[in-house]
file my_file19.txt (compact mmCIF, C-alpha atoms)
# COMPACT_ATOMS: atom_id res chain seq x y z
CA ASP A 1 30.23 47.40 -61.58
CA ALA A 2 27.08 49.51 -61.21
CA LYS A 3 25.39 49.77 -57.84
CA THR A 4 21.74 48.99 -57.31
CA THR A 5 19.04 50.37 -55.03
CA GLN A 6 16.14 48.26 -53.84
CA PRO A 7 13.42 48.83 -51.25
CA PRO A 8 14.28 47.01 -48.02
CA SER A 9 10.98 45.18 -47.76
CA MET A 10 7.70 44.43 -49.52
CA ASP A 11 4.57 42.58 -48.59
CA CYS A 12 2.53 40.72 -51.15
CA ALA A 13 -0.73 38.82 -50.98
CA GLU A 14 -0.71 35.20 -52.03
CA GLY A 15 -1.95 34.77 -55.58
CA ARG A 16 -1.30 38.35 -56.57
CA ALA A 17 1.53 39.62 -58.73
CA ALA A 18 4.62 40.89 -56.93
CA ASN A 19 6.48 43.74 -58.64
CA LEU A 20 9.99 44.26 -57.29
CA PRO A 21 11.75 47.45 -58.39
CA CYS A 22 15.47 48.03 -58.78
CA ASN A 23 17.29 51.22 -59.65
CA HIS A 24 20.64 51.04 -61.41
CA SER A 25 21.14 54.52 -62.81
CA THR A 26 24.90 54.08 -63.35
CA ILE A 27 24.61 50.92 -65.42
CA SER A 28 26.91 50.79 -68.41
CA GLY A 29 26.18 49.39 -71.83
CA ASN A 30 27.74 45.99 -71.37
CA GLU A 31 26.31 45.25 -67.94
CA TYR A 32 23.55 42.72 -67.38
CA VAL A 33 20.78 42.88 -64.79
CA TYR A 34 20.51 39.72 -62.69
CA TRP A 35 17.92 38.70 -60.14
CA TYR A 36 18.50 36.10 -57.46
CA ARG A 37 16.58 35.19 -54.37
CA GLN A 38 17.66 33.67 -51.09
CA ILE A 39 15.26 31.71 -48.99
CA HIS A 40 16.27 31.61 -45.35
CA SER A 41 19.39 29.54 -44.65
CA GLN A 42 19.84 28.50 -48.28
CA GLY A 43 22.14 29.51 -51.10
CA PRO A 44 20.88 32.12 -53.57
CA GLN A 45 18.70 30.85 -56.40
CA TYR A 46 19.00 32.22 -59.92
CA ILE A 47 15.76 33.74 -61.22
CA ILE A 48 16.41 35.62 -64.44
CA HIS A 49 18.76 38.02 -66.18
CA GLY A 50 18.69 40.40 -69.12
CA LEU A 51 20.65 43.03 -71.00
CA LYS A 52 18.20 45.30 -72.81
CA ASN A 53 15.11 43.36 -73.75
CA ASN A 54 12.40 42.17 -71.43
CA GLU A 55 12.78 38.55 -70.47
CA THR A 56 10.39 35.88 -69.22
CA ASN A 57 10.92 32.39 -67.93
CA GLU A 58 8.98 29.89 -65.87
CA MET A 59 9.73 31.75 -62.65
CA ALA A 60 9.36 35.42 -63.45
CA SER A 61 9.44 38.29 -65.90
CA LEU A 62 12.08 40.99 -66.07
CA ILE A 63 11.14 44.40 -67.38
CA ILE A 64 14.04 46.75 -68.17
CA THR A 65 13.33 50.39 -68.95
CA GLU A 66 14.44 51.75 -72.27
CA ASP A 67 17.21 53.83 -70.70
CA ARG A 68 18.21 50.73 -68.66
CA LYS A 69 18.39 52.76 -65.47
CA SER A 70 15.83 50.67 -63.68
CA SER A 71 14.14 47.31 -63.87
CA THR A 72 11.25 45.41 -62.34
CA LEU A 73 11.06 41.76 -61.46
CA ILE A 74 7.54 40.40 -61.70
CA LEU A 75 6.41 37.27 -59.93
CA PRO A 76 3.08 36.70 -61.65
CA HIS A 77 1.27 34.71 -58.96
CA ALA A 78 3.07 34.89 -55.64
CA THR A 79 2.95 31.88 -53.35
CA LEU A 80 4.04 31.49 -49.75
CA ARG A 81 7.17 29.75 -51.01
CA ASP A 82 8.20 32.98 -52.75
CA THR A 83 8.94 34.55 -49.36
CA ALA A 84 12.65 35.36 -49.60
CA VAL A 85 15.24 38.11 -49.95
CA TYR A 86 15.45 39.19 -53.59
CA TYR A 87 18.70 40.59 -54.94
CA CYS A 88 19.12 42.74 -58.02
CA ILE A 89 22.71 42.68 -59.30
CA VAL A 90 24.22 44.57 -62.19
CA VAL A 91 27.46 43.23 -63.58
CA GLY A 92 29.38 42.97 -66.81
CA SER A 93 30.62 39.78 -68.37
CA TRP A 94 33.29 38.10 -66.26
CA GLY A 95 32.53 40.53 -63.46
CA LYS A 96 32.07 39.77 -59.80
CA PHE A 97 28.67 39.68 -58.18
CA GLN A 98 28.27 42.28 -55.46
CA PHE A 99 25.27 41.59 -53.28
CA GLY A 100 23.47 44.51 -51.68
CA ALA A 101 20.91 44.26 -48.92
CA GLY A 102 18.16 43.15 -51.30
CA THR A 103 14.40 43.30 -50.75
CA GLN A 104 12.78 41.10 -48.12
CA VAL A 105 9.54 39.90 -49.70
CA VAL A 106 6.92 38.43 -47.43
CA VAL A 107 3.98 36.71 -49.09
CA THR A 108 0.96 36.52 -46.83
CA PRO A 109 -2.09 34.25 -47.11
CA GLY B 110 19.09 24.92 -63.97
CA ALA B 111 22.57 23.70 -63.24
CA VAL B 112 23.27 22.14 -59.86
CA VAL B 113 26.01 22.99 -57.41
CA SER B 114 26.52 20.97 -54.26
CA GLN B 115 28.44 21.67 -51.09
CA HIS B 116 29.74 19.32 -48.46
CA PRO B 117 29.35 19.30 -45.56
CA SER B 118 26.12 21.22 -45.07
CA TRP B 119 27.10 22.06 -41.53
CA VAL B 120 30.13 21.52 -39.34
CA ILE B 121 31.02 22.15 -35.72
CA CYS B 122 34.68 22.21 -34.79
CA LYS B 123 36.97 23.19 -31.97
CA SER B 124 38.97 26.38 -32.07
CA GLY B 125 42.35 25.85 -33.72
CA THR B 126 41.32 23.05 -36.04
CA SER B 127 41.04 23.23 -39.82
CA VAL B 128 37.87 22.65 -41.79
CA LYS B 129 37.57 21.78 -45.47
CA ILE B 130 34.47 22.62 -47.48
CA GLU B 131 33.88 21.12 -50.92
CA CYS B 132 32.00 22.75 -53.77
CA ARG B 133 31.04 20.69 -56.79
CA SER B 134 29.33 21.54 -60.06
CA LEU B 135 27.33 18.40 -60.74
CA ASP B 136 26.22 18.71 -64.33
CA PHE B 137 28.52 21.28 -65.89
CA GLN B 138 32.15 22.22 -65.90
CA ALA B 139 33.17 25.41 -64.19
CA THR B 140 36.52 27.01 -64.79
CA THR B 141 35.62 29.66 -62.27
CA MET B 142 34.01 29.27 -58.88
CA PHE B 143 33.44 31.81 -56.16
CA TRP B 144 33.39 31.66 -52.39
CA TYR B 145 31.16 33.89 -50.31
CA ARG B 146 30.59 34.35 -46.62
CA GLN B 147 27.40 35.48 -44.96
CA PHE B 148 27.04 36.55 -41.34
CA PRO B 149 23.61 36.59 -39.66
CA LYS B 150 21.25 39.26 -40.97
CA GLN B 151 23.86 40.41 -43.50
CA SER B 152 24.25 40.02 -47.22
CA LEU B 153 26.69 37.77 -49.02
CA MET B 154 30.28 38.99 -49.14
CA LEU B 155 32.58 37.74 -51.86
CA MET B 156 35.73 36.22 -50.39
CA ALA B 157 37.63 34.93 -53.37
CA THR B 158 37.54 33.82 -56.97
CA SER B 159 38.74 30.31 -57.66
CA ASN B 160 40.12 29.53 -61.10
CA GLU B 161 40.79 25.99 -62.22
CA GLY B 162 44.47 25.28 -62.45
CA SER B 163 45.64 28.59 -61.05
CA LYS B 164 45.84 30.48 -57.81
CA ALA B 165 42.73 31.99 -56.33
CA THR B 166 42.32 35.74 -56.15
CA TYR B 167 41.15 37.13 -52.83
CA GLU B 168 39.07 40.16 -52.05
CA GLN B 169 40.56 42.92 -49.98
CA GLY B 170 40.65 42.06 -46.31
CA VAL B 171 40.42 38.29 -46.79
CA GLU B 172 43.46 36.44 -45.46
CA LYS B 173 44.64 34.02 -48.13
CA ASP B 174 46.75 32.06 -45.66
CA LYS B 175 43.71 31.47 -43.51
CA PHE B 176 41.24 30.63 -46.26
CA LEU B 177 43.01 28.21 -48.57
CA ILE B 178 41.32 27.61 -51.90
CA ASN B 179 42.10 24.81 -54.31
CA HIS B 180 40.41 24.36 -57.68
CA ALA B 181 42.03 21.20 -58.93
CA SER B 182 39.40 20.14 -61.44
CA LEU B 183 36.65 21.66 -63.56
CA THR B 184 34.00 20.42 -61.15
CA LEU B 185 35.56 20.81 -57.71
CA SER B 186 36.78 23.69 -55.60
CA THR B 187 37.65 23.42 -51.93
CA LEU B 188 37.87 26.04 -49.21
CA THR B 189 39.92 25.20 -46.14
CA VAL B 190 39.51 27.37 -43.09
CA THR B 191 42.80 26.94 -41.27
CA SER B 192 43.15 27.31 -37.50
CA ALA B 193 39.51 28.25 -37.20
CA HIS B 194 38.39 30.59 -34.44
CA PRO B 195 34.92 31.50 -33.20
CA GLU B 196 34.90 34.67 -35.31
CA ASP B 197 35.14 32.44 -38.41
CA SER B 198 31.72 31.00 -37.60
CA SER B 199 29.57 31.89 -40.57
CA PHE B 200 27.57 30.60 -43.53
CA TYR B 201 29.93 29.80 -46.40
CA ILE B 202 28.45 29.64 -49.88
CA CYS B 203 30.10 28.74 -53.16
CA SER B 204 28.98 29.40 -56.69
CA ALA B 205 30.05 28.19 -60.10
CA ARG B 206 30.10 30.27 -63.23
CA PHE B 207 28.00 28.87 -66.07
CA LEU B 208 28.52 30.38 -69.48
CA ARG B 209 25.39 30.90 -71.55
CA THR B 210 25.96 30.79 -75.26
CA SER B 211 22.37 31.22 -76.40
CA ARG B 212 21.35 34.44 -74.71
CA GLY B 213 24.66 35.90 -73.73
CA GLY B 214 25.94 36.74 -70.31
CA GLU B 215 26.71 34.19 -67.74
CA THR B 216 25.02 32.79 -64.69
CA GLN B 217 26.36 31.88 -61.32
CA TYR B 218 24.72 28.88 -59.73
CA PHE B 219 25.03 28.70 -55.99
CA GLY B 220 25.50 25.82 -53.64
CA PRO B 221 23.23 25.30 -50.64
CA GLY B 222 25.83 26.67 -48.24
CA THR B 223 27.85 25.30 -45.34
CA ARG B 224 27.19 26.51 -41.84
CA LEU B 225 30.37 26.56 -39.75
CA LEU B 226 30.33 26.86 -35.98
CA VAL B 227 33.66 27.14 -34.22
CA LEU B 228 33.56 26.52 -30.49
call {"tool": "encode", "arguments": {"input": "my_file19.txt", "output": "structure tokens"}}
result
Amino acid sequence: DAKTTQPPSMDCAEGRAANLPCNHSTISGNEYVYWYRQIHSQGPQYIIHGLKNNETNEMASLIITEDRKSSTLILPHATLRDTAVYYCIVVGSWGKFQFGAGTQVVVTP
Amino acid sequence: GAVVSQHPSWVICKSGTSVKIECRSLDFQATTMFWYRQFPKQSLMLMATSNEGSKATYEQGVEKDKFLINHASLTLSTLTVTSAHPEDSSFYICSARFLRTSRGGETQYFGPGTRLLVL
């Protein structure tokens, strides 16, 4: 499964959009991009996933570049409750999730 | 989204005892569940893959005789930490694989985790 690179930390102002980047330059054609987040002392929470096309749901938007070597998770209006570690995972069907260090996002008032 | 529960949410035990952790998918059936471990300030580490009706497969370095996994039904997997020692103290998290037919791919839904403290 492809490895991912994420910045270790990001700060975001409450009410503003948070754009979380992820590099996955070795992604292969059948691998999906997943985003999860983990609020302190809880299990990871599914946010969104995609293969090639951009995706949007009630939580976030996922923008995948045309060459699929990077992606951006967008939280449109960050709230204090969005403070968490965000994980970008690239994996094929039936593959195993490998969690990296993720990005610690701190939303400030 | 789909819901996965874990029980207990936290447990304190004496060294040498065994501890069983349950993982349940509440509103979907899961032929495959996963067990992870997370030490403080570290990321999740996959321990094993639990398949309903068959033996679990363990990641390299994980002792299968120490971490017994049973996946007897499509909604329940259990992890038993046998003869627990203080170094087994950790946050144990399970997940259940949910197959998406509409958009492709699959999703893992995670339980809330079980914090184990071995004295």
call {"tool": "interface_residues", "arguments": {"input": "my_file19.txt", "of": "chain B", "to": "chain A", "cutoff": "8 Å", "atoms": "all atoms listed in the file", "output": "ChimeraX atom specification"}}
result
/B:151-155,202,214-222
call {"tool": "residues_around", "arguments": {"input": "my_file19.txt", "residues": "Thr103 (chain A)", "least_positions_apart": "2", "cutoff": "10 Å", "atoms": "all atoms listed in the file", "output": "PyMOL selection string"}}
result
chain A and resi 5-10+20-22+37+84-88+100-101+105-106
call {"tool": "closest_residue", "arguments": {"input": "my_file19.txt", "among": "A:Lys3, A:His24, A:Lys52, A:His40", "to": "Asp82 (chain A)", "atoms": "all atoms listed in the file"}}
result
A:His40
call {"tool": "atom_distance", "arguments": {"input": "my_file19.txt", "atom1": "CA of His116 (chain B)", "atom2": "CA of Val227 (chain B)"}}
result
16.7 Å
call {"tool": "axis_aligned_box", "arguments": {"input": "my_file19.txt", "around": "region 29-45 of chain A", "padding_each_side": "8 Å", "output": "lines of an AutoDock Vina configuration file"}}
result
center_x = 21.5
center_y = 38.9
center_z = -58.2
size_x = 28.5
size_y = 36.9
size_z = 43.2
call {"tool": "atom_distance", "arguments": {"input": "my_file19.txt", "atom1": "CA of Ala165 (chain B)", "atom2": "CA of Leu183 (chain B)"}}
result
14.0 Å
call {"tool": "atom_distance", "arguments": {"input": "my_file19.txt", "atom1": "CA of Ser127 (chain B)", "atom2": "CA of Cys203 (chain B)"}}
result
18.1 Å
